[in-house]
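Q: Just so it is clear, I am handing over my_file_11.cif, which has mmCIF, C-alpha atoms.
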data_data
loop_
_atom_site.label_atom_id
_atom_site.label_comp_id
_atom_site.auth_asym_id
_atom_site.auth_seq_id
_atom_site.Cartn_x
_atom_site.Cartn_y
_atom_site.Cartn_z
CA MET A 29 3.93 12.37 -1.64
CA THR A 30 2.50 15.45 0.03
CA PHE A 31 4.14 15.12 3.42
CA ASN A 32 7.75 15.26 4.50
CA PRO A 33 8.84 12.49 6.91
CA LEU A 34 11.44 14.84 8.39
CA THR A 35 8.67 17.29 9.28
CA VAL A 36 6.64 14.40 10.70
CA ARG A 37 9.58 13.40 12.89
CA ASP A 38 9.45 16.82 14.54
CA ASP A 39 6.08 15.80 16.04
CA PHE A 40 7.68 12.86 17.88
CA PRO A 41 9.68 13.86 20.96
CA ILE A 42 11.64 10.61 21.05
CA PHE A 43 13.46 11.56 17.83
CA LYS A 44 14.88 14.63 19.54
CA ARG A 45 16.98 12.47 21.86
CA THR A 46 20.25 10.74 21.14
CA ILE A 47 21.33 7.28 22.24
CA ARG A 48 24.52 5.27 22.49
CA ASP A 49 27.04 8.08 23.07
CA GLY A 50 25.20 10.73 21.10
CA LYS A 51 24.17 8.72 18.06
CA ARG A 52 21.00 9.57 16.16
CA LEU A 53 18.14 7.16 16.86
CA VAL A 54 17.32 5.04 13.81
CA TYR A 55 14.06 3.38 14.83
CA LEU A 56 13.20 0.40 12.63
CA ASP A 57 10.96 -1.53 15.01
CA SER A 58 7.49 -0.06 14.42
CA GLY A 59 6.15 -3.57 13.73
CA ALA A 60 6.61 -4.17 17.47
CA THR A 61 5.34 -0.77 18.58
CA SER A 62 5.17 2.66 16.99
CA GLN A 63 6.49 5.87 18.46
CA LYS A 64 3.98 8.47 19.71
CA PRO A 65 3.48 12.05 18.51
CA GLN A 66 3.30 14.79 21.13
CA VAL A 67 -0.43 15.32 20.53
CA VAL A 68 -1.16 11.73 21.57
CA ILE A 69 0.99 12.01 24.68
CA ASP A 70 -0.71 15.30 25.58
CA SER A 71 -4.21 13.91 25.02
CA GLU A 72 -3.73 11.10 27.53
CA LEU A 73 -2.22 13.48 30.06
CA ASP A 74 -5.00 16.03 29.54
CA PHE A 75 -7.68 13.40 30.14
CA TYR A 76 -6.25 12.68 33.58
CA ARG A 77 -5.58 16.35 34.32
CA LEU A 78 -8.89 17.80 33.18
CA SER A 79 -11.64 15.23 32.56
CA ASN A 80 -10.92 12.13 34.59
CA ALA A 81 -14.09 10.28 35.64
CA ALA A 82 -15.62 6.86 35.07
CA VAL A 83 -17.45 6.86 31.75
CA HIS A 84 -21.14 5.83 31.50
CA ARG A 85 -21.43 5.92 35.31
CA GLY A 86 -22.22 9.42 36.48
CA ALA A 87 -24.46 12.42 35.86
CA HIS A 88 -21.90 15.02 36.92
CA GLN A 89 -19.98 17.22 34.51
CA LEU A 90 -16.70 15.29 34.61
CA ALA A 91 -18.46 12.00 33.91
CA GLU A 92 -20.28 13.55 30.98
CA GLU A 93 -17.07 15.05 29.58
CA ALA A 94 -15.20 11.76 29.98
CA THR A 95 -18.02 9.83 28.31
CA ASP A 96 -18.12 12.27 25.40
CA LEU A 97 -14.36 11.96 24.88
CA PHE A 98 -14.48 8.16 25.14
CA GLU A 99 -17.40 7.75 22.78
CA GLY A 100 -15.94 10.37 20.47
CA ALA A 101 -12.85 8.18 20.14
CA ARG A 102 -15.08 5.22 19.26
CA GLY A 103 -16.67 7.29 16.52
CA LYS A 104 -13.26 8.22 15.12
CA VAL A 105 -12.20 4.57 14.96
CA ALA A 106 -15.47 3.60 13.28
CA GLU A 107 -15.07 6.27 10.61
CA PHE A 108 -11.42 5.27 10.11
CA LEU A 109 -12.46 1.65 9.46
CA GLY A 110 -15.60 2.41 7.45
CA ALA A 111 -17.62 0.77 10.23
CA GLU A 112 -20.72 1.53 12.27
CA THR A 113 -20.01 3.08 15.67
CA ASP A 114 -21.76 0.32 17.65
CA GLU A 115 -19.58 -2.29 15.94
CA VAL A 116 -16.36 -0.98 17.55
CA ILE A 117 -15.30 -2.62 20.83
CA PHE A 118 -12.47 -1.25 22.98
CA THR A 119 -10.15 -3.90 24.43
CA LYS A 120 -6.67 -3.88 26.00
CA GLY A 121 -5.07 -4.85 22.68
CA ALA A 122 -5.33 -7.06 19.62
CA THR A 123 -4.36 -10.14 21.62
CA GLU A 124 -7.33 -9.59 23.92
CA SER A 125 -9.56 -8.86 20.91
CA LEU A 126 -8.71 -12.19 19.28
CA ASN A 127 -9.05 -14.04 22.59
CA LEU A 128 -12.42 -12.35 23.09
CA ILE A 129 -13.72 -13.76 19.82
CA ALA A 130 -12.31 -17.25 20.39
CA TYR A 131 -13.46 -17.55 24.02
CA ALA A 132 -16.88 -16.15 23.22
CA MET A 133 -17.30 -18.74 20.49
CA GLY A 134 -16.30 -21.39 22.99
CA ASN A 135 -19.15 -20.22 25.24
CA ALA A 136 -21.76 -20.32 22.50
CA PRO A 137 -24.61 -22.71 23.40
CA ARG A 138 -25.80 -25.44 21.09
CA GLY A 139 -27.98 -23.92 18.40
CA ASN A 140 -25.99 -20.68 18.33
CA ARG A 141 -24.21 -20.15 15.00
CA PHE A 142 -20.87 -19.85 16.82
CA HIS A 143 -21.16 -23.17 18.67
CA LEU A 144 -18.25 -25.49 17.82
CA SER A 145 -18.02 -29.20 18.50
CA GLU A 146 -16.27 -32.32 17.27
CA GLY A 147 -16.40 -32.47 13.48
CA ASP A 148 -16.22 -28.70 13.03
CA ARG A 149 -13.13 -27.06 11.60
CA ILE A 150 -11.03 -23.97 12.34
CA VAL A 151 -8.84 -22.80 9.44
CA LEU A 152 -5.66 -20.75 10.03
CA THR A 153 -2.45 -20.00 8.16
CA GLU A 154 1.11 -21.01 8.92
CA MET A 155 2.18 -17.36 9.08
CA GLU A 156 0.03 -16.36 12.06
CA HIS A 157 1.35 -14.39 15.00
CA HIS A 158 0.93 -16.39 18.20
CA ALA A 159 -1.93 -14.05 19.15
CA ASN A 160 -3.95 -15.38 16.22
CA LEU A 161 -2.85 -18.98 16.65
CA ILE A 162 -2.92 -19.97 20.31
CA PRO A 163 -6.49 -18.78 21.07
CA TRP A 164 -7.73 -21.01 18.22
CA GLN A 165 -5.56 -23.90 19.37
CA GLN A 166 -7.18 -23.59 22.78
CA LEU A 167 -10.67 -23.33 21.30
CA ALA A 168 -10.06 -26.48 19.26
CA ALA A 169 -8.84 -28.29 22.37
CA ARG A 170 -11.91 -27.23 24.39
CA THR A 171 -14.48 -28.07 21.73
CA GLY A 172 -12.96 -30.98 19.84
CA ALA A 173 -12.90 -28.97 16.59
CA GLU A 174 -10.23 -29.77 14.01
CA LEU A 175 -7.42 -27.26 13.39
CA VAL A 176 -6.10 -26.99 9.80
CA TRP A 177 -4.04 -24.35 8.04
CA PHE A 178 -2.71 -22.93 4.79
CA ASN A 179 1.02 -23.57 4.32
CA VAL A 180 3.47 -20.89 3.27
CA THR A 181 5.50 -21.16 0.04
CA PRO A 182 9.30 -20.75 0.11
CA ASP A 183 8.92 -17.17 -1.18
CA GLY A 184 6.64 -16.24 1.71
CA ARG A 185 3.19 -16.41 0.11
CA LEU A 186 0.14 -18.40 1.16
CA ASP A 187 -0.28 -21.65 -0.74
CA LEU A 188 -3.89 -21.48 -1.90
CA SER A 189 -3.72 -24.61 -4.04
CA GLN A 190 -5.65 -26.60 -1.41
CA ILE A 191 -8.22 -23.96 -0.53
CA SER A 192 -11.17 -26.20 -1.42
CA GLU A 193 -9.76 -28.99 0.77
CA LEU A 194 -9.17 -26.70 3.74
CA ILE A 195 -12.30 -24.54 3.60
CA THR A 196 -15.16 -27.03 3.49
CA PRO A 197 -18.75 -27.18 4.81
CA LYS A 198 -17.20 -28.34 8.12
CA SER A 199 -15.35 -25.01 8.49
CA LYS A 200 -16.82 -22.63 11.08
CA VAL A 201 -13.96 -20.11 11.39
CA VAL A 202 -11.23 -18.88 9.05
CA ALA A 203 -8.72 -16.72 10.94
CA LEU A 204 -5.74 -15.10 9.24
CA THR A 205 -3.41 -12.14 9.23
CA HIS A 206 -3.92 -9.32 6.75
CA GLN A 207 -0.18 -8.60 6.56
CA SER A 208 2.50 -10.83 8.03
CA ASN A 209 4.57 -9.28 10.80
CA VAL A 210 7.55 -11.40 9.71
CA LEU A 211 7.35 -11.58 5.92
CA GLY A 212 5.57 -8.36 5.03
CA THR A 213 3.24 -10.43 2.83
CA ILE A 214 -0.20 -8.91 2.23
CA ASN A 215 -2.57 -11.83 1.91
CA PRO A 216 -5.16 -12.28 -0.87
CA LEU A 217 -8.35 -11.85 1.12
CA ASP A 218 -10.91 -11.83 -1.69
CA GLU A 219 -10.54 -15.50 -2.61
CA ILE A 220 -10.37 -16.66 1.01
CA VAL A 221 -13.35 -14.57 2.17
CA LYS A 222 -15.43 -15.77 -0.78
CA ALA A 223 -14.60 -19.42 -0.06
CA ALA A 224 -15.31 -19.02 3.67
CA HIS A 225 -18.67 -17.32 3.21
CA ALA A 226 -19.70 -19.87 0.60
CA VAL A 227 -19.69 -22.55 3.34
CA GLY A 228 -21.06 -20.30 6.10
CA ALA A 229 -17.77 -19.75 7.94
CA VAL A 230 -16.89 -16.44 9.60
CA VAL A 231 -13.62 -14.68 8.75
CA VAL A 232 -11.51 -13.20 11.56
CA LEU A 233 -8.76 -10.81 10.44
CA ASP A 234 -5.65 -9.88 12.40
CA ALA A 235 -5.07 -6.36 11.02
CA CYS A 236 -2.30 -5.26 13.40
CA GLN A 237 0.19 -4.79 10.58
CA SER A 238 -2.25 -3.32 8.05
CA VAL A 239 -4.53 -0.80 9.78
CA PRO A 240 -1.61 1.48 10.80
CA HIS A 241 -0.04 1.36 7.33
CA MET A 242 -2.77 1.42 4.67
CA LYS A 243 -6.37 2.38 4.17
CA VAL A 244 -8.58 -0.40 5.56
CA ASP A 245 -12.33 -0.43 5.00
CA VAL A 246 -14.09 -3.32 6.70
CA LYS A 247 -17.02 -3.24 4.31
CA GLU A 248 -14.74 -3.45 1.29
CA LEU A 249 -12.73 -6.31 2.83
CA GLY A 250 -15.89 -8.28 3.55
CA VAL A 251 -14.49 -9.90 6.71
CA ASP A 252 -16.67 -10.58 9.75
CA PHE A 253 -14.35 -9.64 12.63
CA LEU A 254 -11.17 -7.57 12.75
CA ALA A 255 -8.60 -6.77 15.44
CA PHE A 256 -5.78 -4.27 15.73
CA SER A 257 -3.62 -2.68 18.43
CA GLY A 258 -3.57 1.01 19.24
CA HIS A 259 0.11 1.07 20.17
CA LYS A 260 1.15 0.05 16.64
CA ALA A 261 -0.89 2.93 15.18
CA LEU A 262 0.76 5.86 17.03
CA GLY A 263 -1.65 5.36 19.96
CA PRO A 264 -1.05 4.48 23.61
CA THR A 265 -0.36 1.02 24.92
CA GLY A 266 -3.20 -0.80 26.66
CA VAL A 267 -5.88 -0.18 24.05
CA GLY A 268 -6.99 -2.24 21.08
CA ILE A 269 -9.98 -2.66 18.84
CA MET A 270 -12.25 -5.58 18.11
CA TRP A 271 -14.63 -4.84 15.26
CA GLY A 272 -17.47 -7.16 14.30
CA LYS A 273 -20.53 -6.99 12.08
CA ARG A 274 -23.50 -5.77 14.08
CA GLU A 275 -25.64 -8.86 13.47
CA LEU A 276 -22.79 -11.15 14.52
CA LEU A 277 -22.08 -9.19 17.70
CA ALA A 278 -25.74 -9.65 18.61
CA GLU A 279 -25.32 -13.45 18.46
CA LEU A 280 -21.83 -13.69 19.97
CA PRO A 281 -21.87 -14.47 23.73
CA PRO A 282 -20.01 -12.06 26.03
CA PHE A 283 -16.40 -12.68 27.00
CA LEU A 284 -16.26 -10.91 30.38
CA THR A 285 -19.23 -10.29 32.64
CA GLY A 286 -19.83 -7.70 35.32
CA GLY A 287 -20.58 -4.02 35.55
CA SER A 288 -21.96 -1.99 32.62
CA MET A 289 -22.38 -4.89 30.19
CA ILE A 290 -25.80 -5.87 31.49
CA ALA A 291 -29.37 -4.98 30.59
CA ASP A 292 -30.91 -6.41 33.78
CA VAL A 293 -29.76 -8.42 36.80
CA THR A 294 -31.51 -10.40 39.53
CA MET A 295 -29.85 -12.56 42.17
CA THR A 296 -30.08 -15.58 39.87
CA THR A 297 -30.20 -14.25 36.30
CA ALA A 298 -28.74 -11.59 34.03
CA SER A 299 -29.36 -10.32 30.52
CA TRP A 300 -26.86 -8.51 28.33
CA ALA A 301 -26.76 -5.00 26.93
CA LYS A 302 -26.33 -4.56 23.20
CA ALA A 303 -22.88 -4.13 21.68
CA PRO A 304 -20.56 -2.41 22.26
CA ALA A 305 -21.40 -2.33 25.99
CA LYS A 306 -21.98 -6.11 25.93
CA PHE A 307 -18.22 -6.64 25.44
CA GLU A 308 -16.87 -3.87 27.66
CA ALA A 309 -17.36 -5.06 31.23
CA GLY A 310 -15.86 -2.89 33.95
CA VAL A 311 -14.46 0.62 33.83
CA PRO A 312 -12.74 0.78 30.44
CA ASN A 313 -9.31 2.07 29.44
CA MET A 314 -10.63 5.59 28.99
CA ALA A 315 -7.50 7.71 28.65
CA GLN A 316 -5.94 5.19 26.29
CA ALA A 317 -9.04 5.15 24.09
CA VAL A 318 -9.00 8.95 23.94
CA GLY A 319 -5.31 8.82 22.97
CA LEU A 320 -6.09 6.33 20.22
CA GLY A 321 -8.74 8.67 18.89
CA VAL A 322 -6.16 11.46 18.66
CA ALA A 323 -3.72 9.08 16.94
CA ILE A 324 -6.44 8.28 14.40
CA ASP A 325 -6.90 12.02 13.84
CA TYR A 326 -3.16 12.40 13.26
CA LEU A 327 -3.05 9.56 10.71
CA SER A 328 -6.18 10.83 8.97
CA VAL A 329 -4.80 14.34 8.51
CA ILE A 330 -1.75 12.95 6.72
CA GLY A 331 -3.86 10.39 4.84
CA MET A 332 -3.47 6.62 4.83
CA ASN A 333 -2.90 6.52 1.07
CA GLU A 334 -0.03 8.99 1.48
CA ILE A 335 1.45 6.90 4.29
CA ALA A 336 1.14 3.71 2.24
CA ALA A 337 2.83 5.35 -0.76
CA HIS A 338 5.71 6.59 1.41
CA GLU A 339 6.20 3.17 2.98
CA HIS A 340 6.05 1.49 -0.44
CA GLU A 341 8.90 3.71 -1.63
CA LEU A 342 10.96 3.04 1.49
CA THR A 343 10.33 -0.72 1.37
CA ALA A 344 11.29 -0.99 -2.31
CA ASP A 345 14.51 0.91 -1.58
CA LEU A 346 15.50 -1.20 1.43
CA LEU A 347 14.49 -4.48 -0.18
CA GLY A 348 16.63 -3.70 -3.22
CA LYS A 349 19.64 -2.79 -1.08
CA LEU A 350 19.34 -5.94 1.03
CA LEU A 351 19.07 -8.17 -2.04
CA GLU A 352 22.23 -6.66 -3.55
CA ASN A 353 24.36 -8.46 -0.96
CA LYS A 354 24.65 -12.22 -1.52
CA GLU A 355 25.46 -12.71 2.17
CA ILE A 356 22.01 -11.40 3.11
CA ARG A 357 18.99 -13.68 2.83
CA VAL A 358 15.66 -11.89 2.81
CA VAL A 359 12.96 -14.12 4.30
CA GLY A 360 9.74 -13.27 2.50
CA PRO A 361 8.73 -11.88 -0.89
CA HIS A 362 11.54 -10.47 -3.02
CA THR A 363 9.15 -8.32 -5.04
CA MET A 364 6.88 -5.45 -4.09
CA ASP A 365 3.68 -7.17 -5.22
CA ASN A 366 1.32 -7.29 -2.22
CA ARG A 367 4.17 -6.53 0.14
CA GLY A 368 4.40 -4.28 3.18
CA GLY A 369 7.23 -2.73 5.14
CA ALA A 370 8.32 -5.59 7.42
CA LEU A 371 11.61 -7.02 6.13
CA SER A 372 13.13 -10.04 7.87
CA PHE A 373 16.58 -11.29 6.95
CA THR A 374 19.66 -13.20 8.01
CA VAL A 375 23.26 -12.11 7.41
CA ALA A 376 25.93 -14.73 6.60
CA ASP A 377 26.19 -16.92 9.71
CA ILE A 378 25.96 -14.07 12.20
CA HIS A 379 23.33 -14.93 14.76
CA PRO A 380 20.44 -12.43 14.56
CA HIS A 381 20.78 -11.62 18.26
CA ASP A 382 24.45 -10.73 17.77
CA LEU A 383 23.59 -8.64 14.72
CA GLY A 384 20.82 -6.86 16.60
CA GLN A 385 23.15 -6.07 19.49
CA PHE A 386 25.80 -4.71 17.12
CA LEU A 387 23.25 -2.54 15.30
CA ASP A 388 22.05 -1.24 18.67
CA SER A 389 25.60 -0.10 19.38
CA GLN A 390 25.25 2.04 16.24
CA GLY A 391 21.95 3.56 17.39
CA ILE A 392 19.84 1.33 15.12
CA ALA A 393 16.81 -0.35 16.71
CA VAL A 394 15.61 -3.55 15.02
CA ARG A 395 13.81 -6.68 16.21
CA THR A 396 15.50 -10.08 16.44
CA GLY A 397 14.12 -13.54 17.18
CA HIS A 398 11.12 -15.53 15.97
CA HIS A 399 8.80 -12.48 16.14
CA CYS A 400 6.04 -14.40 17.95
CA ALA A 401 5.59 -16.58 14.86
CA TRP A 402 7.52 -19.69 15.78
CA PRO A 403 5.74 -22.14 13.44
CA LEU A 404 6.43 -19.85 10.47
CA THR A 405 10.12 -19.32 11.11
CA ARG A 406 10.61 -23.04 11.74
CA SER A 407 8.83 -23.94 8.50
CA LEU A 408 11.16 -21.61 6.60
CA GLY A 409 14.23 -23.10 8.26
CA VAL A 410 15.21 -19.88 10.06
CA PRO A 411 14.50 -20.14 13.81
CA ALA A 412 15.46 -16.47 14.17
CA THR A 413 15.83 -13.45 11.90
CA THR A 414 16.55 -9.76 12.11
CA ARG A 415 13.56 -7.59 11.20
CA ALA A 416 13.40 -3.99 10.10
CA SER A 417 9.89 -2.52 10.04
CA LEU A 418 9.18 0.86 8.49
CA TYR A 419 6.66 3.59 9.21
CA LEU A 420 5.70 7.13 8.25
CA TYR A 421 8.58 8.75 10.17
CA ASN A 422 11.32 6.68 8.50
CA THR A 423 13.52 7.93 5.67
CA ILE A 424 15.88 6.68 2.98
CA GLU A 425 18.68 7.80 5.31
CA ASP A 426 17.40 5.30 7.90
CA ASN A 427 17.62 2.55 5.27
CA ASP A 428 21.17 3.58 4.42
CA ALA A 429 22.12 3.60 8.10
CA LEU A 430 20.88 0.02 8.42
CA ILE A 431 22.79 -1.15 5.35
CA SER A 432 25.94 0.58 6.60
CA GLY A 433 25.44 -1.00 10.02
CA ILE A 434 25.11 -4.48 8.48
CA HIS A 435 28.33 -4.01 6.51
CA SER A 436 30.13 -2.85 9.65
CA ALA A 437 28.80 -5.89 11.53
CA MET A 438 30.09 -8.21 8.83
CA LYS A 439 33.55 -6.70 9.15
CA TYR A 440 33.38 -6.87 12.95
CA PHE A 441 32.43 -10.55 12.92
CA GLY A 442 34.90 -11.33 10.13
CA LYS A 443 32.30 -12.24 7.50
#
As structure tokens, how would this structure be written, given the file I've shared?
A:
Amino acid sequence: MTFNPLTVRDDFPIFKRTIRDGKRLVYLDSGATSQKPQVVIDSELDFYRLSNAAVHRGAHQLAEEATDLFEGARGKVAEFLGAETDEVIFTKGATESLNLIAYAMGNAPRGNRFHLSEGDRIVLTEMEHHANLIPWQQLAARTGAELVWFNVTPDGRLDLSQISELITPKSKVVALTHQSNVLGTINPLDEIVKAAHAVGAVVVLDACQSVPHMKVDVKELGVDFLAFSGHKALGPTGVGIMWGKRELLAELPPFLTGGSMIADVTMTTASWAKAPAKFEAGVPNMAQAVGLGVAIDYLSVIGMNEIAAHEHELTADLLGKLLENKEIRVVGPHTMDNRGGALSFTVADIHPHDLGQFLDSQGIAVRTGHHCAWPLTRSLGVPATTRASLYLYNTIEDNDALISGIHSAMKYFGK
């Protein structure tokens, strides 16, 4: 490892504060949202202070500067993903990105490759975040398509034993998460992508929990569409990415219509601009996109392989310490094979909300609940868990603080 997480923490102003009567902040909720380095905060402020203008809409200096910054951020994201620049679409977040794809498919006319109707099939997994489940539920309801899914094994892996029964010539879409936000499971994409493409289905990947934590190259993955959120990758809130293969974006109908996404308009007709403009109606989230570009710069300087190696070390340490206590049940893989840094668990019969509140009193921030994956937690028989999620600024000392906090909670609740 060539970077020091303690040095990294110095770049994040939030870690300079104390909480709960002077306690050090132990932030273990990056799966929900990451903290922001000062350079990202400054970049968004500087856009408004120095270059604020509507992009792609003016010939004056400010408009040109704003457009250059905005499009420069698009280029950074494209390079980060191994994509082409015109394949990167700015949205408000991953949820909007996934809705964009699903709603656009629902608008596809008969004869378009994305048109769905009764008899077609949408394939999901049981471990999806609601953002990659409900849009497809709604699309199935609107079109009459059938919704099917891969089940999850008791150890938190996808059950691929029925892949040939789920992915059939009737399948039009296969949508799945790259890494589970609850289990930390990294899914085996190669086999699924190969099966989907063999029957002509497109693969939509929710990469919210992978893009910020490991090197992701869309060409190597072989998927057709990908979504992630800026705020989970050190960037601002209110900005996300939808990536799609150029030839598919050309066929996909637009999601929103209006200013700047058109090629020509009369009083009765309109034609669409090429991507990315085709999917970016209205004045975009300019400052947020610029901030995301700076966040991408920050991650790139450290190196995604270095970040992944650091998180692997932290996750192995915390997983081992959690498994040492028989009163703690880790929900998800108990080994480090294809596993990321989201660790969900229950402790004795302490309700996760009570545990989370106790840990908060110790300055430890974790997530509790169903983590926007209600079908998954229900299938595993745990309607709620406590989740610790790790990132580049976490340390072994943070892990130890969590373990100590859990032990103190057990004593407090008499367990």
Q: Care to translate the PyMOL selection byres ((chain A and resi 65-82) around 8) into actual residues of this file, as a ChimeraX atom specification?
A: /A:39-41,63-64,83-86,90-91,93-95,262-264,311,314-316,318-320,322-323
Q: I need the residue set behind the PyMOL selection byres ((chain A and resi 302) around 10) for this file; please write it as a list in words.
A: Asp114, Arg274, Leu277, Ala278, Met289, Ile290, Ala291, Ser299, Trp300, Ala301, Ala303, Pro304, Ala305, Lys306 and Phe307 of chain A
Q: Can you list, as a PyMOL selection string, every protein, DNA or RNA residue that comes within 8 Å of Val151 in chain A when you count all atoms listed in the file, leaving out same-chain residues fewer than 4 positions away?
A: chain A and resi 175-178+194-195+199+201-203
Q: With all atoms listed in the file as the basis for distance, which of A:Asn215, A:Asp38, A:Lys200, A:Leu418 is at the shortest distance from Val180 in chain A?
A: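 For Val180 in chain A, the nearest of the given residues is A:Asn215.
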Q: For the file shown, what are the residues hit by the PyMOL selection byres ((chain A and resi 224) around 12), laid out as a PDB file with C-alpha atoms, keeping the file's coordinate frame?
A:
ATOM      1  CA  ARG A 149     -13.130 -27.060  11.600  1.00  0.00           C
ATOM      2  CA  ILE A 150     -11.030 -23.970  12.340  1.00  0.00           C
ATOM      3  CA  VAL A 151      -8.840 -22.800   9.440  1.00  0.00           C
ATOM      4  CA  LEU A 152      -5.660 -20.750  10.030  1.00  0.00           C
ATOM      5  CA  ILE A 191      -8.220 -23.960  -0.530  1.00  0.00           C
ATOM      6  CA  SER A 192     -11.170 -26.200  -1.420  1.00  0.00           C
ATOM      7  CA  GLU A 193      -9.760 -28.990   0.770  1.00  0.00           C
ATOM      8  CA  LEU A 194      -9.170 -26.700   3.740  1.00  0.00           C
ATOM      9  CA  ILE A 195     -12.300 -24.540   3.600  1.00  0.00           C
ATOM     10  CA  THR A 196     -15.160 -27.030   3.490  1.00  0.00           C
ATOM     11  CA  PRO A 197     -18.750 -27.180   4.810  1.00  0.00           C
ATOM     12  CA  LYS A 198     -17.200 -28.340   8.120  1.00  0.00           C
ATOM     13  CA  SER A 199     -15.350 -25.010   8.490  1.00  0.00           C
ATOM     14  CA  LYS A 200     -16.820 -22.630  11.080  1.00  0.00           C
ATOM     15  CA  VAL A 201     -13.960 -20.110  11.390  1.00  0.00           C
ATOM     16  CA  VAL A 202     -11.230 -18.880   9.050  1.00  0.00           C
ATOM     17  CA  ALA A 203      -8.720 -16.720  10.940  1.00  0.00           C
ATOM     18  CA  LEU A 204      -5.740 -15.100   9.240  1.00  0.00           C
ATOM     19  CA  LEU A 217      -8.350 -11.850   1.120  1.00  0.00           C
ATOM     20  CA  ASP A 218     -10.910 -11.830  -1.690  1.00  0.00           C
ATOM     21  CA  GLU A 219     -10.540 -15.500  -2.610  1.00  0.00           C
ATOM     22  CA  ILE A 220     -10.370 -16.660   1.010  1.00  0.00           C
ATOM     23  CA  VAL A 221     -13.350 -14.570   2.170  1.00  0.00           C
ATOM     24  CA  LYS A 222     -15.430 -15.770  -0.780  1.00  0.00           C
ATOM     25  CA  ALA A 223     -14.600 -19.420  -0.060  1.00  0.00           C
ATOM     26  CA  HIS A 225     -18.670 -17.320   3.210  1.00  0.00           C
ATOM     27  CA  ALA A 226     -19.700 -19.870   0.600  1.00  0.00           C
ATOM     28  CA  VAL A 227     -19.690 -22.550   3.340  1.00  0.00           C
ATOM     29  CA  GLY A 228     -21.060 -20.300   6.100  1.00  0.00           C
ATOM     30  CA  ALA A 229     -17.770 -19.750   7.940  1.00  0.00           C
ATOM     31  CA  VAL A 230     -16.890 -16.440   9.600  1.00  0.00           C
ATOM     32  CA  VAL A 231     -13.620 -14.680   8.750  1.00  0.00           C
ATOM     33  CA  VAL A 232     -11.510 -13.200  11.560  1.00  0.00           C
ATOM     34  CA  GLY A 250     -15.890  -8.280   3.550  1.00  0.00           C
ATOM     35  CA  VAL A 251     -14.490  -9.900   6.710  1.00  0.00           C
ATOM     36  CA  ASP A 252     -16.670 -10.580   9.750  1.00  0.00           C
TER      37      ASP A 252
END
Q: Using all atoms listed in the file, can you tell me which of A:Ala317, A:Val36, A:Leu97, A:Val394 comes closest to Gly258 in chain A?
A: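 That would be A:Ala317, the residue with the smallest distance to Gly258 in chain A.
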